[in-house]
file upload_25.cif (mmCIF, C-alpha atoms)
data_protein
#
loop_
_atom_site.label_atom_id
_atom_site.label_comp_id
_atom_site.auth_asym_id
_atom_site.auth_seq_id
_atom_site.Cartn_x
_atom_site.Cartn_y
_atom_site.Cartn_z
CA MET P 1 106.06 110.62 129.05
CA THR P 2 105.53 114.30 128.38
CA ALA P 3 106.85 117.61 129.57
CA PRO P 4 104.95 119.32 132.41
CA ALA P 5 101.39 120.10 131.32
CA ALA P 6 101.17 123.48 129.67
CA ALA P 7 99.30 125.21 126.90
CA PRO P 8 101.02 124.83 123.49
CA SER P 9 103.73 127.44 123.19
CA ASP P 10 106.15 128.64 120.54
CA LEU P 11 108.88 128.33 123.13
CA VAL P 12 111.20 125.35 123.01
CA ARG P 13 110.59 123.32 126.18
CA PRO P 14 112.80 120.55 127.61
CA PHE P 15 111.41 117.02 127.44
CA ARG P 16 112.36 113.77 129.13
CA VAL P 17 110.87 110.29 128.73
CA ALA P 18 109.57 108.79 131.98
CA LEU P 19 107.19 105.90 131.44
CA PRO P 20 105.14 104.83 134.48
CA ASP P 21 105.90 101.36 135.84
CA ALA P 22 102.21 100.55 135.48
CA ALA P 23 102.38 100.96 131.69
CA ILE P 24 105.20 98.42 131.44
CA ALA P 25 103.37 96.00 133.73
CA ASP P 26 100.21 96.39 131.64
CA LEU P 27 102.15 95.57 128.47
CA LYS P 28 103.60 92.40 129.94
CA GLN P 29 100.17 91.29 131.16
CA ARG P 30 98.64 91.86 127.74
CA LEU P 31 101.46 89.97 126.02
CA ALA P 32 101.01 87.02 128.38
CA ARG P 33 97.29 86.90 127.50
CA THR P 34 97.77 87.02 123.73
CA ARG P 35 95.17 85.02 121.80
CA TRP P 36 97.00 83.61 118.82
CA PRO P 37 95.53 83.07 115.34
CA ASP P 38 95.68 79.73 113.60
CA PRO P 39 98.98 79.09 111.81
CA GLU P 40 99.36 80.07 108.18
CA THR P 41 98.67 77.41 105.54
CA VAL P 42 101.82 78.07 103.50
CA PRO P 43 105.50 77.39 104.30
CA ASP P 44 106.60 81.00 103.80
CA TRP P 45 105.64 84.61 104.61
CA SER P 46 103.29 85.07 101.66
CA GLN P 47 100.23 85.20 103.96
CA GLY P 48 101.94 87.58 106.37
CA VAL P 49 103.81 87.14 109.63
CA ARG P 50 104.33 83.49 110.50
CA VAL P 51 102.84 82.55 113.88
CA GLU P 52 105.95 80.77 115.13
CA ASN P 53 108.09 83.85 114.41
CA ALA P 54 105.58 86.18 116.01
CA ARG P 55 105.44 83.95 119.10
CA SER P 56 109.20 84.15 119.42
CA LEU P 57 109.25 87.95 119.06
CA VAL P 58 106.41 88.44 121.55
CA ALA P 59 107.97 86.04 124.07
CA TYR P 60 111.21 88.04 123.97
CA TRP P 61 109.26 91.30 124.32
CA GLU P 62 107.44 89.98 127.38
CA ARG P 63 110.33 88.29 129.18
CA HIS P 64 113.60 89.88 128.10
CA TYR P 65 113.12 93.27 126.47
CA ASP P 66 114.12 96.22 128.68
CA TRP P 67 112.25 99.45 127.98
CA ARG P 68 114.21 101.24 130.69
CA ARG P 69 117.40 100.57 128.74
CA PHE P 70 115.91 102.25 125.68
CA GLU P 71 114.44 105.06 127.78
CA SER P 72 117.90 105.77 129.20
CA GLU P 73 119.39 105.82 125.70
CA LEU P 74 116.82 108.39 124.61
CA ASN P 75 117.36 110.51 127.69
CA ARG P 76 121.11 110.69 127.08
CA PHE P 77 120.31 113.20 124.36
CA PRO P 78 118.71 116.65 124.76
CA GLN P 79 115.03 116.41 123.82
CA PHE P 80 112.50 119.18 123.41
CA LEU P 81 108.92 120.06 122.53
CA THR P 82 107.85 123.11 120.59
CA ALA P 83 104.45 124.05 119.18
CA ILE P 84 104.45 124.70 115.44
CA ASP P 85 101.26 125.39 113.51
CA GLY P 86 99.25 124.47 116.61
CA LEU P 87 100.88 121.09 117.22
CA ASP P 88 103.62 120.06 119.65
CA ILE P 89 106.64 118.69 117.82
CA HIS P 90 109.05 116.50 119.75
CA PHE P 91 112.69 116.50 118.67
CA VAL P 92 116.22 115.58 119.66
CA HIS P 93 118.76 118.37 119.22
CA VAL P 94 122.48 117.75 119.63
CA ARG P 95 124.99 120.47 118.80
CA SER P 96 128.51 119.60 117.71
CA LYS P 97 131.51 121.00 119.56
CA ASN P 98 132.74 122.18 116.16
CA PRO P 99 131.46 125.75 115.67
CA ASP P 100 131.55 125.24 111.90
CA ALA P 101 129.30 122.16 111.98
CA LEU P 102 126.59 121.98 109.33
CA PRO P 103 123.07 121.81 110.84
CA LEU P 104 121.20 118.74 109.58
CA ILE P 105 117.58 117.73 110.12
CA LEU P 106 116.98 113.96 109.90
CA THR P 107 113.46 112.69 109.20
CA HIS P 108 112.22 109.15 109.80
CA GLY P 109 109.36 107.33 108.11
CA TRP P 110 106.92 104.55 108.97
CA PRO P 111 107.39 102.25 110.86
CA GLY P 112 110.42 104.27 111.77
CA SER P 113 111.00 106.73 114.59
CA ILE P 114 113.71 108.85 116.12
CA ALA P 115 115.05 105.60 117.59
CA GLU P 116 116.65 104.59 114.31
CA PHE P 117 118.91 107.65 114.31
CA LEU P 118 120.33 107.39 117.83
CA ASN P 119 123.47 105.55 116.69
CA LEU P 120 124.11 108.21 114.07
CA ILE P 121 124.24 111.12 116.51
CA GLY P 122 127.75 110.52 117.90
CA PRO P 123 129.51 109.97 114.55
CA LEU P 124 127.73 112.93 112.95
CA THR P 125 128.24 115.44 115.78
CA ASP P 126 131.72 114.28 116.82
CA PRO P 127 133.24 112.48 113.82
CA VAL P 128 136.80 112.69 115.15
CA ALA P 129 135.88 110.44 118.08
CA PHE P 130 134.74 107.82 115.55
CA GLY P 131 137.71 108.03 113.20
CA GLY P 132 136.32 110.73 110.91
CA ALA P 133 137.29 114.28 110.02
CA VAL P 134 136.26 117.32 112.03
CA GLU P 135 135.24 118.99 108.76
CA ASP P 136 132.35 116.50 108.51
CA SER P 137 130.71 117.64 111.77
CA PHE P 138 126.97 118.24 111.95
CA ASP P 139 124.56 119.76 114.42
CA VAL P 140 121.76 117.18 114.45
CA VAL P 141 118.01 117.84 114.72
CA ILE P 142 115.75 114.76 114.77
CA PRO P 143 112.01 115.49 114.96
CA SER P 144 109.20 112.98 115.43
CA LEU P 145 106.67 113.28 112.63
CA PRO P 146 103.22 114.60 113.65
CA GLY P 147 101.23 111.72 115.11
CA PHE P 148 104.39 109.69 115.75
CA GLY P 149 106.24 109.03 118.98
CA PHE P 150 106.14 111.91 121.43
CA SER P 151 104.96 114.54 118.95
CA GLY P 152 101.39 115.73 119.19
CA LYS P 153 98.59 113.93 117.37
CA PRO P 154 96.71 116.07 114.86
CA ALA P 155 93.05 116.46 115.81
CA ALA P 156 92.06 117.64 112.33
CA THR P 157 93.01 116.84 108.76
CA GLY P 158 95.58 118.68 106.71
CA TRP P 159 98.98 117.46 107.89
CA THR P 160 100.35 116.71 104.43
CA VAL P 161 104.05 116.31 103.71
CA SER P 162 104.15 119.91 102.48
CA ARG P 163 102.77 121.11 105.81
CA ILE P 164 105.27 118.96 107.68
CA ALA P 165 108.09 120.35 105.52
CA ALA P 166 106.98 123.90 106.34
CA ALA P 167 106.98 122.98 110.04
CA TRP P 168 110.52 121.64 109.71
CA ALA P 169 111.66 124.89 108.08
CA GLU P 170 110.12 126.81 110.98
CA LEU P 171 111.81 124.48 113.47
CA MET P 172 115.24 125.13 111.96
CA ARG P 173 114.54 128.89 111.94
CA ARG P 174 113.42 128.73 115.56
CA LEU P 175 116.65 126.96 116.52
CA GLY P 176 118.62 129.82 115.02
CA TYR P 177 119.96 128.13 111.90
CA ASP P 178 120.28 130.28 108.79
CA LYS P 179 122.05 127.60 106.70
CA TRP P 180 121.21 123.92 106.97
CA ALA P 181 120.68 120.61 105.16
CA ALA P 182 118.09 117.83 105.36
CA GLN P 183 118.13 114.05 105.09
CA GLY P 184 115.49 111.33 105.02
CA GLY P 185 114.29 107.92 103.91
CA ASP P 186 110.80 106.45 103.44
CA TRP P 187 108.27 109.15 104.47
CA GLY P 188 111.28 111.10 105.69
CA SER P 189 112.45 111.18 102.09
CA VAL P 190 109.03 112.43 100.95
CA VAL P 191 109.15 115.24 103.53
CA THR P 192 112.75 116.04 102.62
CA THR P 193 111.83 116.08 98.92
CA ALA P 194 108.98 118.48 99.75
CA LEU P 195 111.54 120.68 101.50
CA GLY P 196 113.66 120.54 98.35
CA ALA P 197 110.73 121.63 96.21
CA MET P 198 109.80 124.36 98.70
CA ARG P 199 113.39 125.63 99.02
CA PRO P 200 112.87 127.52 102.29
CA GLU P 201 115.39 130.16 103.19
CA GLY P 202 118.57 128.58 104.51
CA LEU P 203 118.17 125.10 103.00
CA LEU P 204 121.43 124.36 101.19
CA GLY P 205 120.69 120.86 99.93
CA ILE P 206 119.36 117.41 100.79
CA HIS P 207 120.38 113.76 101.02
CA LEU P 208 117.92 110.97 100.24
CA ASN P 209 118.24 107.23 100.79
CA THR P 210 114.82 106.61 99.26
CA PRO P 211 114.65 108.60 96.01
CA TYR P 212 111.15 109.18 94.63
CA ALA P 213 112.18 109.64 91.03
CA PHE P 214 109.97 107.52 88.82
CA PRO P 215 109.12 109.31 85.56
CA ALA P 216 105.57 110.60 85.35
CA GLN P 217 105.11 108.38 82.29
CA ILE P 218 106.94 105.04 82.29
CA PRO P 219 108.77 104.59 78.93
CA GLU P 220 107.69 101.72 76.71
CA THR P 221 111.30 100.61 76.26
CA LEU P 222 113.16 99.94 79.49
CA SER P 223 116.76 99.15 80.36
CA PRO P 224 117.37 96.18 82.69
CA ASP P 225 117.75 98.55 85.67
CA GLU P 226 114.56 100.38 84.75
CA ARG P 227 112.68 97.09 84.35
CA GLU P 228 113.90 96.05 87.82
CA ALA P 229 112.52 99.31 89.23
CA VAL P 230 109.12 98.84 87.57
CA ASP P 231 108.92 95.23 88.76
CA GLY P 232 109.95 96.36 92.25
CA LEU P 233 107.20 98.99 92.28
CA ALA P 234 104.65 96.37 91.26
CA ARG P 235 105.79 94.18 94.14
CA TYR P 236 105.81 97.11 96.56
CA THR P 237 102.25 98.13 95.70
CA GLY P 238 101.08 94.53 95.30
CA GLU P 239 102.14 91.69 97.59
CA LEU P 240 104.03 94.02 99.97
CA GLY P 241 101.44 96.78 99.95
CA GLY P 242 98.86 95.49 102.41
CA SER P 243 99.70 97.74 105.34
CA ASN P 244 100.21 100.77 103.09
CA HIS P 245 96.81 100.26 101.46
CA LEU P 246 94.95 99.90 104.75
CA GLN P 247 96.71 102.88 106.32
CA GLY P 248 95.99 104.96 103.24
CA THR P 249 92.30 104.08 103.18
CA LYS P 250 91.22 103.10 106.70
CA PRO P 251 93.77 104.38 109.25
CA GLU P 252 91.23 104.47 112.07
CA THR P 253 90.38 100.82 111.50
CA VAL P 254 94.09 100.07 111.78
CA GLY P 255 94.10 101.97 115.08
CA PHE P 256 91.18 99.93 116.42
CA ALA P 257 92.88 96.69 115.42
CA LEU P 258 96.19 97.56 117.09
CA ALA P 259 95.42 99.92 119.98
CA ASP P 260 94.34 97.10 122.29
CA SER P 261 96.78 94.41 121.15
CA PRO P 262 100.53 94.76 121.60
CA ALA P 263 101.04 91.44 119.80
CA GLY P 264 99.07 92.85 116.87
CA GLN P 265 101.16 96.03 116.92
CA ALA P 266 104.32 93.93 116.92
CA ALA P 267 103.20 91.79 113.98
CA TRP P 268 102.11 94.86 112.00
CA ILE P 269 105.61 96.37 112.17
CA TYR P 270 107.56 93.09 112.16
CA GLU P 271 106.15 92.23 108.73
CA LYS P 272 107.50 95.48 107.28
CA PHE P 273 110.96 94.85 108.74
CA GLN P 274 110.83 91.33 107.35
CA SER P 275 109.90 92.36 103.82
CA LYS P 276 112.14 95.41 103.33
CA THR P 277 115.47 94.65 105.01
CA ASP P 278 118.55 93.09 103.44
CA ASN P 279 118.17 89.77 105.23
CA ARG P 280 118.89 86.10 104.60
CA GLY P 281 115.35 84.98 105.35
CA LEU P 282 114.44 86.73 108.59
CA ALA P 283 114.42 90.36 109.69
CA GLU P 284 116.56 89.25 112.63
CA ASP P 285 119.40 88.65 110.16
CA ALA P 286 119.48 92.38 109.39
CA LEU P 287 118.25 94.02 112.60
CA ARG P 288 118.84 93.40 116.28
CA ILE P 289 115.67 92.21 117.96
CA ASP P 290 116.03 95.02 120.52
CA ASP P 291 116.13 97.59 117.71
CA MET P 292 112.88 96.22 116.30
CA LEU P 293 111.26 96.22 119.71
CA ASP P 294 112.45 99.74 120.47
CA ALA P 295 110.43 100.89 117.46
CA ILE P 296 107.47 98.65 118.24
CA SER P 297 107.42 99.70 121.90
CA LEU P 298 107.49 103.37 120.99
CA TYR P 299 104.39 102.91 118.84
CA TRP P 300 102.71 100.87 121.57
CA PHE P 301 103.38 103.12 124.55
CA THR P 302 102.39 106.28 122.65
CA ASN P 303 99.25 104.59 121.25
CA SER P 304 100.11 105.97 117.82
CA ALA P 305 98.98 103.18 115.47
CA ALA P 306 96.11 105.29 114.09
CA SER P 307 97.75 108.72 114.28
CA SER P 308 100.90 107.51 112.51
CA ALA P 309 98.91 105.60 109.88
CA ARG P 310 97.17 108.81 108.85
CA ILE P 311 100.29 110.06 107.04
CA TYR P 312 99.30 107.56 104.34
CA TRP P 313 95.69 108.82 104.31
CA GLU P 314 96.70 112.48 104.25
CA ASN P 315 99.01 111.87 101.29
CA ARG P 316 97.09 109.12 99.49
CA SER P 317 97.28 110.99 96.17
CA ALA P 318 101.09 111.01 96.26
CA SER P 319 103.02 108.90 93.78
CA MET P 320 106.53 107.53 93.39
CA ALA P 321 107.16 110.21 90.77
CA GLY P 322 108.64 113.00 92.81
CA PRO P 323 108.98 116.62 91.64
CA LYS P 324 112.03 117.65 89.68
CA LEU P 325 114.41 119.45 92.02
CA THR P 326 116.98 122.10 91.17
CA LEU P 327 118.67 122.54 94.55
CA PRO P 328 121.68 120.30 95.36
CA VAL P 329 120.62 116.69 95.96
CA ALA P 330 122.72 113.74 97.14
CA VAL P 331 121.33 110.22 96.76
CA THR P 332 122.41 106.85 98.13
CA VAL P 333 120.79 103.72 96.72
CA PHE P 334 120.75 100.58 98.88
CA PRO P 335 120.64 97.24 97.02
CA ARG P 336 117.69 95.66 98.83
CA ASP P 337 115.48 98.73 98.91
CA ILE P 338 112.12 98.20 97.20
CA PRO P 339 111.70 99.62 94.64
CA ARG P 340 115.33 100.26 93.73
CA LEU P 341 115.58 103.10 91.24
CA PRO P 342 118.09 103.32 88.36
CA ARG P 343 120.64 106.09 88.20
CA SER P 344 119.21 107.35 84.89
CA TRP P 345 115.87 108.31 86.47
CA ILE P 346 117.57 109.79 89.53
CA GLU P 347 119.77 112.02 87.38
CA ASP P 348 116.76 113.09 85.30
CA THR P 349 114.70 114.05 88.38
CA TYR P 350 117.43 115.76 90.41
CA CYS P 351 118.91 118.32 88.05
CA ASN P 352 121.69 119.28 90.48
CA LEU P 353 122.81 115.83 91.64
CA ILE P 354 125.92 116.49 93.72
CA HIS P 355 126.48 112.87 94.78
CA TYR P 356 125.28 109.44 93.73
CA GLY P 357 126.26 106.45 95.83
CA GLU P 358 125.46 102.76 95.55
CA ALA P 359 125.84 100.95 98.86
CA SER P 360 127.19 97.40 98.86
CA LYS P 361 124.54 96.14 101.27
CA GLY P 362 121.45 97.27 103.13
CA GLY P 363 117.73 97.66 102.54
CA HIS P 364 114.99 100.16 103.29
CA PHE P 365 116.13 100.92 106.87
CA PRO P 366 119.84 101.78 106.48
CA ALA P 367 120.09 103.76 109.72
CA LEU P 368 119.37 100.49 111.55
CA GLU P 369 120.83 98.01 109.06
CA GLN P 370 124.02 99.74 107.92
CA PRO P 371 124.57 102.89 110.01
CA GLU P 372 128.27 103.18 109.14
CA ILE P 373 127.52 103.18 105.41
CA LEU P 374 124.73 105.72 105.81
CA ILE P 375 126.93 108.00 107.95
CA SER P 376 129.69 107.87 105.35
CA GLU P 377 127.24 108.61 102.55
CA ILE P 378 125.69 111.55 104.38
CA CYS P 379 129.13 113.04 105.06
CA THR P 380 130.34 112.49 101.50
CA GLY P 381 127.10 113.53 99.87
CA LEU P 382 126.72 116.84 101.70
CA ARG P 383 130.41 117.78 101.90
CA SER P 384 130.24 120.18 98.97
CA LEU P 385 127.57 122.28 100.75
CA ARG P 386 129.99 123.38 103.46
CA GLY P 387 131.90 126.62 103.51
#
call {"tool": "encode", "arguments": {"input": "upload_25.cif", "output": "structure tokens"}}
result
Amino acid sequence: MTAPAAAPSDLVRPFRVALPDAAIADLKQRLARTRWPDPETVPDWSQGVRVENARSLVAYWERHYDWRRFESELNRFPQFLTAIDGLDIHFVHVRSKNPDALPLILTHGWPGSIAEFLNLIGPLTDPVAFGGAVEDSFDVVIPSLPGFGFSGKPAATGWTVSRIAAAWAELMRRLGYDKWAAQGGDWGSVVTTALGAMRPEGLLGIHLNTPYAFPAQIPETLSPDEREAVDGLARYTGELGGSNHLQGTKPETVGFALADSPAGQAAWIYEKFQSKTDNRGLAEDALRIDDMLDAISLYWFTNSAASSARIYWENRSASMAGPKLTLPVAVTVFPRDIPRLPRSWIEDTYCNLIHYGEASKGGHFPALEQPEILISEICTGLRSLRG
């Protein structure tokens, strides 16, 4: 699944995914041998993934899911590796035919990956073909976070979001871009916010679909929207915070638990999709099962449960109160994101808010749930940076 073996290099090297047949056969054999836990003792998801739902997902993964289909989708786009700060970074890079396109770096989070952005590439690089305006064209750069997907796995500590942001700035410089923008959600939003605070040369502005804009001190008197945000944060860090807590404190234990069990890896990610999408009771209401399994399979085949979990450990002192930013910031709030922040706190944190959008639907994974809305918001939000 990697480029030809070579010492890490500053040069940008072509990359193509080519998974051995034996790896796929091994996955199917492991899935067929899954030892299932006893069913939950409650009629809901409050104890975690329900066994009957996990059985259904795993059965589809074993019998119907087609990795080669996803592999072909990935390989339709130019992919590369380049060593930055001693670590190979994998990325997709698609240039628009429009010479005036705005370069844009898109950053995923956990349990996200570059897979979630594949359906955004066409409309962003060639908007006319999708009913948009040529003036909204972007060159798109989509890196895999360190320890995620096909990027290298750090062998030492220190890969904080600030270090990742510095690597992204170097990547854009290396690709020849002297003016560019950045976008992200989840950990991608944290990295993009770090870029905004760093303000590297060439960064014109950013778009966030997960704003980290809680005040450093929560006011005693709260508006209804602010109370909803505080209650959402309590839920996020409480009943929904199990995986985050373990990854932030014991990422290697998480790796041991999941590295030998594809069913365990599936359940670990499935629960997050279940709890943070805009669904009517099941994640499958909001996401295609193949989209979920594309993400799950990418984590499984790259054995990145532990290495991806460490982003929580490396940044365990971070909070939901992001730094105040002065560069141009565009924000889109999705109704079922958790926590959902009020406009008042967003405006207070981002002093140069060039766009504020409230989507009509969607949750924490808008690139998968509502790609058309996210595309429109990115185009609208960053339009004033052009020229």
call {"tool": "closest_atom_pairs", "arguments": {"input": "upload_25.cif", "of": "region 216-313 of chain P", "to": "region 179-187 of chain P", "cutoff": "12 Å", "atoms": "all atoms listed in the file", "output": "JSON lines"}}
result
{"residue": "P:Asn244", "atom": "CA", "partner": "P:Trp187", "partner_atom": "CA", "distance": 11.7}
{"residue": "P:Lys276", "atom": "CA", "partner": "P:Asp186", "partner_atom": "CA", "distance": 11.1}
{"residue": "P:Ser308", "atom": "CA", "partner": "P:Trp187", "partner_atom": "CA", "distance": 11.0}
{"residue": "P:Ala309", "atom": "CA", "partner": "P:Trp187", "partner_atom": "CA", "distance": 11.4}
{"residue": "P:Arg310", "atom": "CA", "partner": "P:Trp187", "partner_atom": "CA", "distance": 11.9}
{"residue": "P:Ile311", "atom": "CA", "partner": "P:Trp187", "partner_atom": "CA", "distance": 8.4}
{"residue": "P:Tyr312", "atom": "CA", "partner": "P:Trp187", "partner_atom": "CA", "distance": 9.1}
call {"tool": "closest_residue", "arguments": {"input": "upload_25.cif", "among": "P:Gly264, P:Gly48, P:Pro14, P:Gly255", "to": "Ser297 (chain P)", "atoms": "all atoms listed in the file"}}
result
P:Gly264
call {"tool": "closest_residue", "arguments": {"input": "upload_25.cif", "among": "P:Lys153, P:Arg340, P:Ile375, P:Tyr356", "to": "Asp126 (chain P)", "atoms": "only C-alpha atoms"}}
result
P:Ile375
call {"tool": "resolve_selection", "arguments": {"input": "upload_25.cif", "expression": "the PyMOL selection byres ((chain P and resi 380) around 12)", "output": "PyMOL selection string"}}
result
chain P and resi 124+132-133+135-137+207+329-332+354-357+373-379+381-386
call {"tool": "atom_distance", "arguments": {"input": "upload_25.cif", "atom1": "CA of Asp139 (chain P)", "atom2": "CA of Ser96 (chain P)"}}
result
5.1 Å
call {"tool": "atom_distance", "arguments": {"input": "upload_25.cif", "atom1": "CA of Arg316 (chain P)", "atom2": "CA of Leu258 (chain P)"}}
result
21.1 Å
call {"tool": "residues_around", "arguments": {"input": "upload_25.cif", "residues": "Ala213 (chain P)", "least_positions_apart": "2", "cutoff": "12 Å", "atoms": "all atoms listed in the file", "output": "PyMOL selection string"}}
result
chain P and resi 189-190+193+208-211+215-218+226+229-230+233+319-325+331+333+339-351
call {"tool": "residues_around", "arguments": {"input": "upload_25.cif", "residues": "Trp313 (chain P)", "least_positions_apart": "4", "cutoff": "7 Å", "atoms": "all atoms listed in the file", "output": "list in words"}}
result
Gln247, Gly248, Thr249 and Pro251 of chain P
call {"tool": "write_last_selection", "arguments": {"input": "upload_25.cif", "atoms": "C-alpha atoms", "output": "short mmCIF file (atom, residue, chain, number, x, y, z; two decimals), in the coordinates of the input"}}
result
data_model
loop_
_atom_site.label_atom_id
_atom_site.label_comp_id
_atom_site.auth_asym_id
_atom_site.auth_seq_id
_atom_site.Cartn_x
_atom_site.Cartn_y
_atom_site.Cartn_z
CA GLN P 247 96.71 102.88 106.32
CA GLY P 248 95.99 104.96 103.24
CA THR P 249 92.30 104.08 103.18
CA PRO P 251 93.77 104.38 109.25
#
call {"tool": "resolve_selection", "arguments": {"input": "upload_25.cif", "expression": "the PyMOL selection byres ((chain P and resi 279) around 12)", "output": "PyMOL selection string"}}
result
chain P and resi 273-278+280-288+335-337+361-365+369-370
call {"tool": "resolve_selection", "arguments": {"input": "upload_25.cif", "expression": "the PyMOL selection byres ((chain P and resi 157) around 12)", "output": "list in words"}}
result
Pro146, Gly147, Lys153, Pro154, Ala155, Ala156, Gly158, Trp159, Thr160, Arg163, Ser307, Arg310, Ile311, Trp313, Glu314 and Asn315 of chain P
call {"tool": "write_last_selection", "arguments": {"input": "upload_25.cif", "atoms": "C-alpha atoms", "output": "short mmCIF file (atom, residue, chain, number, x, y, z; two decimals), in the frame of the given file"}}
result
data_model
loop_
_atom_site.label_atom_id
_atom_site.label_comp_id
_atom_site.auth_asym_id
_atom_site.auth_seq_id
_atom_site.Cartn_x
_atom_site.Cartn_y
_atom_site.Cartn_z
CA PRO P 146 103.22 114.60 113.65
CA GLY P 147 101.23 111.72 115.11
CA LYS P 153 98.59 113.93 117.37
CA PRO P 154 96.71 116.07 114.86
CA ALA P 155 93.05 116.46 115.81
CA ALA P 156 92.06 117.64 112.33
CA GLY P 158 95.58 118.68 106.71
CA TRP P 159 98.98 117.46 107.89
CA THR P 160 100.35 116.71 104.43
CA ARG P 163 102.77 121.11 105.81
CA SER P 307 97.75 108.72 114.28
CA ARG P 310 97.17 108.81 108.85
CA ILE P 311 100.29 110.06 107.04
CA TRP P 313 95.69 108.82 104.31
CA GLU P 314 96.70 112.48 104.25
CA ASN P 315 99.01 111.87 101.29
#
call {"tool": "atom_distance", "arguments": {"input": "upload_25.cif", "atom1": "CA of Leu106 (chain P)", "atom2": "CA of Phe138 (chain P)"}}
result
11.1 Å
call {"tool": "closest_residue", "arguments": {"input": "upload_25.cif", "among": "P:Glu228, P:Asp26, P:Asp66, P:Glu40", "to": "Ile289 (chain P)", "atoms": "all atoms listed in the file"}}
result
P:Asp66
call {"tool": "closest_residue", "arguments": {"input": "upload_25.cif", "among": "P:Trp67, P:Tyr299, P:Tyr60, P:Phe334", "to": "Ile114 (chain P)", "atoms": "only C-alpha atoms"}}
result
P:Tyr299
call {"tool": "axis_aligned_box", "arguments": {"input": "upload_25.cif", "around": "region 237-252 of chain P", "padding_each_side": "4 Å", "output": "JSON"}}
result
{"center_x": 97.6, "center_y": 98.3, "center_z": 103.7, "size_x": 20.8, "size_y": 21.3, "size_z": 24.8}
call {"tool": "residues_around", "arguments": {"input": "upload_25.cif", "residues": "Thr34 (chain P)", "least_positions_apart": "6", "cutoff": "9 Å", "atoms": "all atoms listed in the file", "output": "list of chain:residue names"}}
result
P:Ser261, P:Pro262, P:Ala263
call {"tool": "closest_residue", "arguments": {"input": "upload_25.cif", "among": "P:Pro143, P:Gly149, P:Pro200, P:Pro127", "to": "Phe301 (chain P)", "atoms": "only C-alpha atoms"}}
result
P:Gly149
call {"tool": "closest_residue", "arguments": {"input": "upload_25.cif", "among": "P:Ile105, P:Leu327, P:Ala306, P:Val141", "to": "Leu246 (chain P)", "atoms": "all atoms listed in the file"}}
result
P:Ala306
call {"tool": "build_atoms", "arguments": {"input": "upload_25.cif", "residues": "region 42-54 of chain P", "atoms": "N, CA and C atoms", "output": "short mmCIF file (atom, residue, chain, number, x, y, z; two decimals), in the frame of the given file"}}
result
data_model
loop_
_atom_site.label_atom_id
_atom_site.label_comp_id
_atom_site.auth_asym_id
_atom_site.auth_seq_id
_atom_site.Cartn_x
_atom_site.Cartn_y
_atom_site.Cartn_z
N VAL P 42 100.73 78.12 104.49
CA VAL P 42 101.82 78.07 103.50
C VAL P 42 103.15 78.00 104.25
N PRO P 43 104.22 77.54 103.60
CA PRO P 43 105.50 77.39 104.30
C PRO P 43 106.37 78.64 104.26
N ASP P 44 105.81 79.78 103.93
CA ASP P 44 106.60 81.00 103.80
C ASP P 44 105.83 82.17 104.40
N TRP P 45 106.25 83.40 104.06
CA TRP P 45 105.64 84.61 104.61
C TRP P 45 104.61 85.22 103.67
N SER P 46 104.18 84.49 102.66
CA SER P 46 103.29 85.07 101.66
C SER P 46 101.91 85.41 102.21
N GLN P 47 101.50 84.83 103.33
CA GLN P 47 100.23 85.20 103.96
C GLN P 47 100.42 86.22 105.08
N GLY P 48 101.65 86.64 105.31
CA GLY P 48 101.94 87.58 106.37
C GLY P 48 102.87 86.97 107.40
N VAL P 49 102.90 87.59 108.57
CA VAL P 49 103.81 87.14 109.63
C VAL P 49 103.48 85.70 110.03
N ARG P 50 104.51 84.88 110.10
CA ARG P 50 104.33 83.49 110.50
C ARG P 50 104.13 83.43 112.02
N VAL P 51 103.20 82.60 112.46
CA VAL P 51 102.84 82.55 113.88
C VAL P 51 104.03 82.16 114.74
N GLU P 52 104.83 81.20 114.31
CA GLU P 52 105.95 80.77 115.13
C GLU P 52 106.96 81.90 115.33
N ASN P 53 107.17 82.72 114.29
CA ASN P 53 108.09 83.85 114.41
C ASN P 53 107.51 84.95 115.29
N ALA P 54 106.22 85.19 115.15
CA ALA P 54 105.58 86.18 116.01
C ALA P 54 105.60 85.75 117.47
#
